[in-house]
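Working notes for the structure below.
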Amino acid sequence: MPRAFIIRGFGKKKDRDGHEFDFDRVEAELIRPAMARCGLAGGTTATEEDSGNIREDMFALILEADVVICDITVHNANVFYELGIRHALRKKHTVLLRGNQSTDVTPFDLSTDRYLAYDLANPAAALDALANTLEASLRTTRETDSPIFLLLPTLTEANPQEVTVVPLDLVDEVERASAARDKAWLRIIAEDLQDQRYERDGLRVVARAQWSLKDLDGAQASWERVLGGREGDVESHLALANLYERQYRASRRATLLTASNQAIRKVLEAERVSTQDRAEALALQGRNAKTVWRERFEKAEVAASDEARKLALDTKAREAWDAYRAAFDCDLNKYYAGIAALQMGRILRELAALPGWPNLFKGNQRDADRAREDLDAELPALTHVVQAAVRRALELERGDDKMYAEITAADLLFLNQPDAQWQADPSTVVEAYRNAIPADKAWAFDATAGQLRLFQKLGFRAPLVDAVLAALPAEAPAKKARHLVVFTGHGIDRPGTPTEQRRFPPEAEARARQLIQERLAALQAAAGANETITLLASGAPGADILAHDAAKALGITRRLCLPMPAVDVSRIAFAGLDDWRARFLTLAEEMQGDQTLQLADSDKLPRWLQGRGIDPWSRGNRWVLKLAQTSGAPRVTVLALWNGVDDGRDGGTAQMVRLARSEGSLRFVHIGTDLLLG
């Protein structure tokens with residue numbers, strides 16, 4: 001969400017003739033409603049609850065804000081000082097307000113600036129005008145509204161990304177979530193960053209982690225929030241260009257590939273873009289062209305390689321070659337762009353032997369011959385440069401980056417080993433791939449296997465591809481589809497609960513267990529032969545524990561989902577319920593290892609979340625639903641033992657039901673507690 005910062009006097013201030021004006025009222029009746037209408041978060045320094053130097057907050061807020069709203073009604077030194085800082089740091093967007101009853105004369109340096117006049121006796125009357133002005137300011141194509149940048153057009157604008165400080169405990173929590181490979185946890189952090197001053201930069205940290213865990217939907221949502229219409233954010237554009245293309249391959253929605261190409265174009269057209277980022281954009285441009293090219297001939301499903309080659313004669317192949325080559329020329333350290341260029345170049349050289357080759361040049365035989373000669377000249381030189389780049393990477397890189405460099409070295413061997421050698425004995429190439437891919441990271445071979453199958457389809461060293469694919473781990477057999485059942489239900493009524501407030505009386509325990517087991521059995525019976533059911537449930541006293549008991553009796557796989565360590569749950573949630581506490585501790589002991597999923601390491605929220613009114617149990621509810629949503633399971637059902645009353649509170653069954661119903665992809669099954677009350 002875009003953020004605004006309000007520069008104004010606090011409380012009541014007077015003009016030179018002693019007229020008193022209430023600026024708190026102006027904010028409440030005019031500025032805040034206009035911000036809400038425009039979808040703007042933020043406020044003044046008064047919204048910052050942390051202790052510390054208020055000037056540091058003020059400087060950061062002025063710099064980071066997408067738009068600054070400044071009230072210059074009276075002569076207030078702090079207001080003009082802060083406005084000057086904004087004009088000096090950012091080219092735009094700054095909106096000036098002025099109450100029309102003030103006798104203070106606008107300072108000379110601002111006398112030529114546009115401002116919105118409002119009636120101090122009725123600020124709300126200018127609401128429509130201010131909302132329209134804010135919208136226009138955010139959409140403007142004007143270079144700047146700052147008198148400083150107008151006077152000094154070559155002055156460099158400050159970059160908010162270079163100064164924003166993301167709380168260290170937020171970074172720590174993202175790192176813990178990444179180490180746990182918990183996509184749901186990262187999505188919860190992204191949600192909780194909403195409206196934080198450092199929202200955008202915190203989301204960058206989260207989005208990078210989501211990408212590393214291959215949560216494409218989560219990463220896309222986070223990067224889109226980071227971008228938020230800011231065209232100059234190169235990192236966001238590059239990330240989204242990558243994500244949109246990945247999402248396109250999964251869904252074949254043409255608009256996604258168009259969005260990817262648009263993001264690439266914005267990077268290439270940006271005023272300030274590093275050599276490395278430009279190279280990355282060009283490499284993505286090459287991949288997009290290659291994606292379209294492959295799709296055009298692969299979906300024909302021809303069996304013969306000569307037919308596939310004819311279909312592969314497509315200008316998109318040339319576009320991919322040109323873009324990959326340009327990317328590698330731009331940054332010779334990007335060996336992955338180099339190997340991609342080399343692979344496309346070798347394919348083009350194979351296609352150049354076909355009679356239809358001139359068709360790629362609108363039938364111009366001279367251009368076609370020249371392009372073939374250029375490939376003959378360029379491919380050997382390109383091979384040597386890529387080999388040098390890979391050698392450098394093998395010496396410098398560590399971890400997964402070194403693994404990818406080793407896979408690329410195997411790719412080079414596949415492309416360049418003389419025919420006589422691999423035809424006599426393919427083991428050298430086979431072993432190069434086998435040694436490059438650790439046994440526990442077979443997934444790293446996916447992209448390479450796809451490229452090898454492409455060569456195979458086009459008849460390029462097909463027997464060698466067969467040998468490599470036969471020697472490496474085969475694709476895992478398709479797993480049964482999972483049906484996740486998220487259970488939520490009321491806790492057991494505490495002793496002394498008034499009759500009218502009863503939801504789950506202790507004497508109804510057997511009946512509740514029976515009802516839960518019946519619903520689970522029905523879901524189990526409805527599952528197809530290729531579907532398995534897994535129950536996700538917490539361990540609160542009452543329905544949660546009964547759901548685990550019922551699932552165990554039915555042989556259903558279970559996961560115990562806890563918002564904090566079991567010892568803290570036991571201490572906080574089971575006061576006065578010793579029998580249930582014992583049952584919970586037995587359950588926790590039984591569900592050891594990966595059968596228990598845990599959100600937090602203590603009952604305390606991270607410091608960056610404290611003071612925001614977030615309840616750990618409520619956060620746990622949101623997390624459990626996101627565990628289901630990020631699991632990849634095609635079917636998710638929320639099963640609720642619920643009295644049907646939404647009391648508006650968070651942290652309990654009513655919240656889980658509310659969240660489940662707000663999601664369009666979740667099925668909902670309700671067990672009414674009236675069946676327990678007779």
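Ordering of the structure tokens sets the chain letters (A, B, ...); residue numbers start at 1 within each chain; ligands are numbered from 1 in the order shown.
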
Show me, as a ChimeraX atom specification, the residues that have an atom within 12 Å of Leu587 in chain A when counting only C-alpha atoms, minus same-chain residues fewer than 5 positions from it. /A:537-541,544-549,552,558-562,566,570,580-582,592,595-596

Which residue gives the smallest distance to Ile188 in chain A among A:Val645, A:Leu464, A:Leu609, A:Ala389, with only C-alpha atoms counted? A:Leu609

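Relative to CA of Arg294 in chain A, CA of Glu307 in chain A is found at 13.8 Å.
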
Could you give me the residues within range 312-501 of chain A that DSSP places in strand (DSSP E), as a ChimeraX atom specification? /A:481-489

For the interface of range 392-465 of chain A with range 318-342 of chain A (cut-off 9 Å, counting only C-alpha atoms), please tabulate each contacting residue of range 392-465 of chain A alongside its nearest pair of atoms and their separation in Å to one decimal, rows sorted by chain and increasing number, as JSON lines.
{"residue": "A:Arg392", "atom": "CA", "partner": "A:Asn333", "partner_atom": "CA", "distance": 8.2}
{"residue": "A:Ala393", "atom": "CA", "partner": "A:Asn333", "partner_atom": "CA", "distance": 8.0}
{"residue": "A:Tyr404", "atom": "CA", "partner": "A:Tyr336", "partner_atom": "CA", "distance": 8.7}
{"residue": "A:Ala405", "atom": "CA", "partner": "A:Tyr335", "partner_atom": "CA", "distance": 8.0}
{"residue": "A:Thr408", "atom": "CA", "partner": "A:Ile339", "partner_atom": "CA", "distance": 7.1}
{"residue": "A:Asp411", "atom": "CA", "partner": "A:Ile339", "partner_atom": "CA", "distance": 7.8}
{"residue": "A:Leu412", "atom": "CA", "partner": "A:Ile339", "partner_atom": "CA", "distance": 7.5}
{"residue": "A:Leu415", "atom": "CA", "partner": "A:Leu342", "partner_atom": "CA", "distance": 8.7}

I need the residues from that last selection saved to file as an mmCIF file, in the first residue's frame (with N, CA and C atoms), if you can.
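Saved file again_14.cif follows:
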data_model
loop_
_atom_site.group_PDB
_atom_site.id
_atom_site.type_symbol
_atom_site.label_atom_id
_atom_site.label_comp_id
_atom_site.auth_asym_id
_atom_site.auth_seq_id
_atom_site.Cartn_x
_atom_site.Cartn_y
_atom_site.Cartn_z
ATOM 1 N N ARG A 392 35.967 -19.454 -13.469
ATOM 2 C CA ARG A 392 35.995 -18.427 -12.421
ATOM 3 C C ARG A 392 34.946 -18.725 -11.353
ATOM 4 N N ALA A 393 33.750 -19.096 -11.787
ATOM 5 C CA ALA A 393 32.682 -19.388 -10.833
ATOM 6 C C ALA A 393 33.033 -20.602 -9.973
ATOM 7 N N TYR A 404 25.553 -25.071 -9.309
ATOM 8 C CA TYR A 404 25.055 -24.662 -10.621
ATOM 9 C C TYR A 404 26.210 -24.466 -11.609
ATOM 10 N N ALA A 405 27.333 -23.958 -11.118
ATOM 11 C CA ALA A 405 28.497 -23.800 -11.991
ATOM 12 C C ALA A 405 29.006 -25.164 -12.452
ATOM 13 N N THR A 408 26.789 -26.420 -15.131
ATOM 14 C CA THR A 408 27.091 -25.718 -16.377
ATOM 15 C C THR A 408 28.360 -26.278 -17.022
ATOM 16 N N ASP A 411 27.285 -29.174 -18.807
ATOM 17 C CA ASP A 411 26.603 -28.753 -20.042
ATOM 18 C C ASP A 411 27.617 -28.443 -21.145
ATOM 19 N N LEU A 412 28.702 -27.778 -20.781
ATOM 20 C CA LEU A 412 29.742 -27.446 -21.766
ATOM 21 C C LEU A 412 30.364 -28.710 -22.344
ATOM 22 N N LEU A 415 28.031 -30.265 -24.842
ATOM 23 C CA LEU A 415 27.991 -29.552 -26.121
ATOM 24 C C LEU A 415 29.251 -29.747 -26.954
#

Closest pair table for range 170-263 of chain A residues within 12 Å of range 127-141 of chain A, only C-alpha atoms, as JSON lines:
{"residue": "A:Gly228", "atom": "CA", "partner": "A:Leu138", "partner_atom": "CA", "distance": 11.1}
{"residue": "A:Gly229", "atom": "CA", "partner": "A:Leu138", "partner_atom": "CA", "distance": 9.1}
{"residue": "A:Arg230", "atom": "CA", "partner": "A:Leu138", "partner_atom": "CA", "distance": 9.7}
{"residue": "A:Glu231", "atom": "CA", "partner": "A:Arg139", "partner_atom": "CA", "distance": 11.2}

Might you pull out every residue within 12 Å of Gly555 in chain A, with only C-alpha atoms counted and same-chain residues fewer than 6 positions away left off, and present them as a PyMOL selection string? chain A and resi 517+520-521+524+532-535+548-549

Would you mind exporting the chosen residues as an mmCIF file, in the first residue's frame, restricted to C-alpha atoms?
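Result file follows (part_30.cif):
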data_model
loop_
_atom_site.group_PDB
_atom_site.id
_atom_site.type_symbol
_atom_site.label_atom_id
_atom_site.label_comp_id
_atom_site.auth_asym_id
_atom_site.auth_seq_id
_atom_site.Cartn_x
_atom_site.Cartn_y
_atom_site.Cartn_z
ATOM 1 C CA GLN A 517 -15.136 -38.787 13.711
ATOM 2 C CA LEU A 520 -13.797 -37.216 9.076
ATOM 3 C CA ALA A 521 -14.946 -40.704 8.097
ATOM 4 C CA GLN A 524 -12.240 -40.260 4.059
ATOM 5 C CA THR A 532 -4.887 -39.088 0.878
ATOM 6 C CA ILE A 533 -6.242 -37.082 3.815
ATOM 7 C CA THR A 534 -4.113 -35.202 6.319
ATOM 8 C CA LEU A 535 -5.526 -33.445 9.377
ATOM 9 C CA HIS A 548 -6.608 -35.831 16.861
ATOM 10 C CA ASP A 549 -8.144 -38.797 18.690
#

Based on the backbone DSSP call, show me all residues of range 265-339 of chain A assigned alpha helix (DSSP H), as a ChimeraX atom specification. /A:265-268,275-298,305-312,315-330,335-339

Using only C-alpha atoms, find each residue in range 1-68 of chain A having at least one atom no more than 9 Å away from range 88-94 of chain A; report its shortest atom-to-atom pair and that distance in Å (one decimal), rows by chain then rising number, as a tab-separated table.
residue	atom	partner	partner_atom	distance
A:Ile62	CA	A:Leu89	CA	8.5
A:Leu63	CA	A:Leu89	CA	6.6
A:Ala65	CA	A:His93	CA	8.8
A:Asp66	CA	A:His93	CA	6.7
A:Val67	CA	A:His93	CA	4.8
A:Val68	CA	A:Thr94	CA	4.7

Keeping only N, CA and C atoms, write the selected residues as a PDB file, in the first residue's frame.
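The resulting file, out_34.pdb, is reproduced below:
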ATOM      1  N   ILE A  62       9.881  11.193   5.792  1.00  0.00           N
ATOM      2  CA  ILE A  62       9.843  12.167   4.693  1.00  0.00           C
ATOM      3  C   ILE A  62      10.467  11.567   3.435  1.00  0.00           C
ATOM      4  N   LEU A  63      11.558  10.852   3.602  1.00  0.00           N
ATOM      5  CA  LEU A  63      12.245  10.273   2.456  1.00  0.00           C
ATOM      6  C   LEU A  63      11.461   9.110   1.857  1.00  0.00           C
ATOM      7  N   ALA A  65       8.212   8.306   2.051  1.00  0.00           N
ATOM      8  CA  ALA A  65       6.810   8.480   1.674  1.00  0.00           C
ATOM      9  C   ALA A  65       6.640   8.581   0.164  1.00  0.00           C
ATOM     10  N   ASP A  66       5.577   7.937  -0.339  1.00  0.00           N
ATOM     11  CA  ASP A  66       5.242   8.071  -1.753  1.00  0.00           C
ATOM     12  C   ASP A  66       4.699   9.464  -2.042  1.00  0.00           C
ATOM     13  N   VAL A  67       4.013  10.042  -1.068  1.00  0.00           N
ATOM     14  CA  VAL A  67       3.503  11.394  -1.224  1.00  0.00           C
ATOM     15  C   VAL A  67       3.555  12.082   0.139  1.00  0.00           C
ATOM     16  N   VAL A  68       3.912  13.346   0.144  1.00  0.00           N
ATOM     17  CA  VAL A  68       3.915  14.157   1.366  1.00  0.00           C
ATOM     18  C   VAL A  68       2.792  15.186   1.260  1.00  0.00           C
TER      19      VAL A  68
END

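Those residues that approach Arg661 in chain A to within 12 Å, counting only C-alpha atoms, are Leu625, Thr637, Val638, Leu639, Ala640, Asp646, Ala654, Gln655, Arg667, Phe668, Val669 and His670 of chain A; same-chain residues fewer than 6 positions away are not listed.
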
Close residues, Arg612 in chain A itself excluded, 10 Å, only C-alpha atoms, min 3 positions apart in chain, as an NGL selection string: :A and (49 or 192 or 608-609 or 615)

CA of Pro616 in chain A and CA of Val569 in chain A are how many Å apart? 10.9 Å

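Using only C-alpha atoms, the nearest neighbour of Ala510 in chain A within the list A:Ala543, A:Ala432, A:Ala239, A:Ala424 is A:Ala543.
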
Need to verify the contact set: Ser602 in chain A, 9 Å, only C-alpha atoms, exclusion of same-chain residues closer than 5 positions in sequence. Can you return it as a VMD selection string? chain A and resid 563 to 565 568

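If you look at CA of Gly11 in chain A and CA of Asp113 in chain A, they are 25.6 Å away from each other.
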